[in-house]
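Asker: My questions all concern the structure below.
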Amino acid sequence: RQVQYTTQTPKNWSRDVVMGHVLRSPAANTELPMRLSTYTFRDSTPNKVKVIMAAEIDPESMDKELDLAIGFVMFDGLGKPVLSGQERKIYSANTDLPIRYELAVAVDPGTYRLRLAAVDMAGKSGSVERGVPAFGMANHEFAIGDLILSSVREGRGNDLRAPVVLQVADGQLATYTELYTNKPGSLDDFKVVFEIADTPDGPTLQTSVAELREGTDQTRRQALAVVPVGALPSGR
């Protein structure tokens, strides 16, 4: 009796197999250049932290439709995968480059390594990794989420689009963060001011008082403002 074996090589792996290899590899794949930033806030699920992934994917060109599989995995401090996911995204030929991708997930408080990967139909892949400190914000008298700095043009309605790389070309800087408490009503008298300086201890160059928006449970406030930066020295 003869047994025949079929050898699979990277050239004929399925896209799911390629994705699995890329997400397990500690080395970055660069056929599809990628950049990644993360932001953390208190999640609506009790005792969870919301992690926002903001990524850019930069293929060589967009002369035709681009079909991507995009996946992620989060590892805990021991290197054990604790959360993963994958989805298919199809981008039209007229999509602006770099491609923007965003995803929000809920995790337990802790310190993680996040690896994000993309694979196209030809098997080209890219991956990027970064540390994610997910501080628990649910059981404190006062806690604050990450600070989002964005171009005003990146706004969508009353929300800001979390940037990967901040670029301000119109002289207006949009700012956003969230305040939390475990004592309903204790944020009523809070005032938030956004300040810009050259250094942490340097003099204030620009100041804007934030608008505060109340959450539904009186334990959360959104703080947002538009800071004029057109008169500040370029590049700072």
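Each chain in the structure tokens gets a letter, A, B, ..., in the order shown, and its residues are numbered from 1; ligands are numbered from 1 in order too.
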Skipping near chain neighbours, those fewer than 4 positions away, what residues fall within 8 Å of stretch 40-47 of chain A using only C-alpha atoms, listed as a PyMOL selection string?

Answerer: chain A and resi 51-52+106+108-109+134-139+144-146+178+180

Asker: May I have the selected residues written with N, CA and C atoms, as a CSV table (one decimal), in the first residue's frame?

Answerer:
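And here is the file that came out, result.csv:
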chain,number,residue,atom,x,y,z
A,51,VAL,N,-9.8,48.8,24.5
A,51,VAL,CA,-8.6,49.1,23.7
A,51,VAL,C,-9.0,49.4,22.3
A,52,ILE,N,-8.6,50.6,21.9
A,52,ILE,CA,-8.8,51.0,20.5
A,52,ILE,C,-7.6,50.8,19.7
A,106,ALA,N,-12.6,44.7,24.2
A,106,ALA,CA,-12.7,44.8,25.7
A,106,ALA,C,-11.8,43.7,26.3
A,108,ASP,N,-9.6,42.4,30.1
A,108,ASP,CA,-9.4,42.6,31.6
A,108,ASP,C,-8.2,43.6,31.8
A,109,PRO,N,-8.2,44.3,32.9
A,109,PRO,CA,-7.0,45.1,33.2
A,109,PRO,C,-5.7,44.3,33.2
A,134,ALA,N,-3.1,48.2,29.9
A,134,ALA,CA,-4.6,48.4,30.0
A,134,ALA,C,-4.9,48.6,31.5
A,135,PHE,N,-4.8,49.8,32.0
A,135,PHE,CA,-5.0,50.1,33.4
A,135,PHE,C,-6.5,50.1,33.7
A,136,GLY,N,-6.8,49.4,34.8
A,136,GLY,CA,-8.2,49.3,35.2
A,136,GLY,C,-8.8,50.6,35.7
A,137,MET,N,-9.8,51.1,35.2
A,137,MET,CA,-10.4,52.4,35.5
A,137,MET,C,-11.7,52.4,36.2
A,138,ALA,N,-12.2,51.2,36.6
A,138,ALA,CA,-13.5,51.0,37.0
A,138,ALA,C,-13.7,51.3,38.5
A,139,ASN,N,-12.8,51.0,39.3
A,139,ASN,CA,-13.0,51.0,40.8
A,139,ASN,C,-12.1,52.1,41.5
A,144,ILE,N,-8.5,58.5,34.6
A,144,ILE,CA,-8.6,59.2,33.3
A,144,ILE,C,-8.1,58.3,32.2
A,145,GLY,N,-8.8,58.4,31.1
A,145,GLY,CA,-8.4,57.6,29.9
A,145,GLY,C,-7.2,58.2,29.1
A,146,ASP,N,-6.9,57.6,28.0
A,146,ASP,CA,-5.8,58.2,27.2
A,146,ASP,C,-6.2,59.5,26.5
A,178,GLU,N,-11.4,61.0,28.6
A,178,GLU,CA,-12.5,60.7,29.4
A,178,GLU,C,-12.1,60.6,30.9
A,180,TYR,N,-13.4,59.4,34.8
A,180,TYR,CA,-14.2,58.4,35.4
A,180,TYR,C,-14.1,58.5,37.0

Asker: I'd like to know which residues of stretch 19-227 of chain A are strand (DSSP E or B) (by DSSP, run on the backbone); could you write them as JSON, numbers by chain?

Answerer: {"A": [30, 34, 35, 36, 37, 38, 39, 40, 41, 42, 49, 50, 51, 52, 53, 54, 55, 56, 57, 66, 67, 68, 69, 70, 71, 72, 73, 74, 75, 81, 82, 83, 84, 85, 86, 87, 88, 89, 90, 91, 99, 100, 101, 102, 103, 104, 105, 106, 107, 110, 111, 112, 113, 114, 115, 116, 117, 118, 119, 120, 125, 126, 127, 128, 129, 130, 131, 132, 133, 134, 143, 144, 148, 149, 150, 151, 156, 159, 172, 173, 174, 175, 176, 177, 178, 179, 180, 193, 194, 195, 196, 197, 204, 205, 206, 207, 208, 209, 211, 212, 213, 214, 220, 221, 222, 223, 224, 225, 226, 227]}

Asker: Which residue out of A:Ser37, A:Ser151, A:Ser186, A:Ser127 has the minimum interatomic distance to A:Leu103 when only C-alpha atoms are used?

Answerer: A:Ser37

Asker: Tell me which of A:Ala231, A:Thr95, A:Val192, A:Ala104 sits closest to A:Arg213, counting only C-alpha atoms.

Answerer: A:Val192

Asker: Can you tell me which residues surround A:Ala54 at a distance of at most 10 Å, considering only C-alpha atoms, apart from same-chain residues fewer than 6 positions away, and format the answer as a ChimeraX atom specification?

Answerer: /A:35-39,100-104,161-165

Asker: May I ask which of the residues A:Arg130, A:Arg221, A:Arg113, A:Arg88 is the closest one to A:Phe75, counting only C-alpha atoms?

Answerer: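 Comparing A:Arg130, A:Arg221, A:Arg113, A:Arg88 against A:Phe75, the winner is A:Arg113.
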
Asker: How many Å separate atom CA of A:Phe142 from atom CA of A:Met53?

Answerer: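 Interatomic distance, atom CA of A:Phe142 to atom CA of A:Met53: 24.5 Å.
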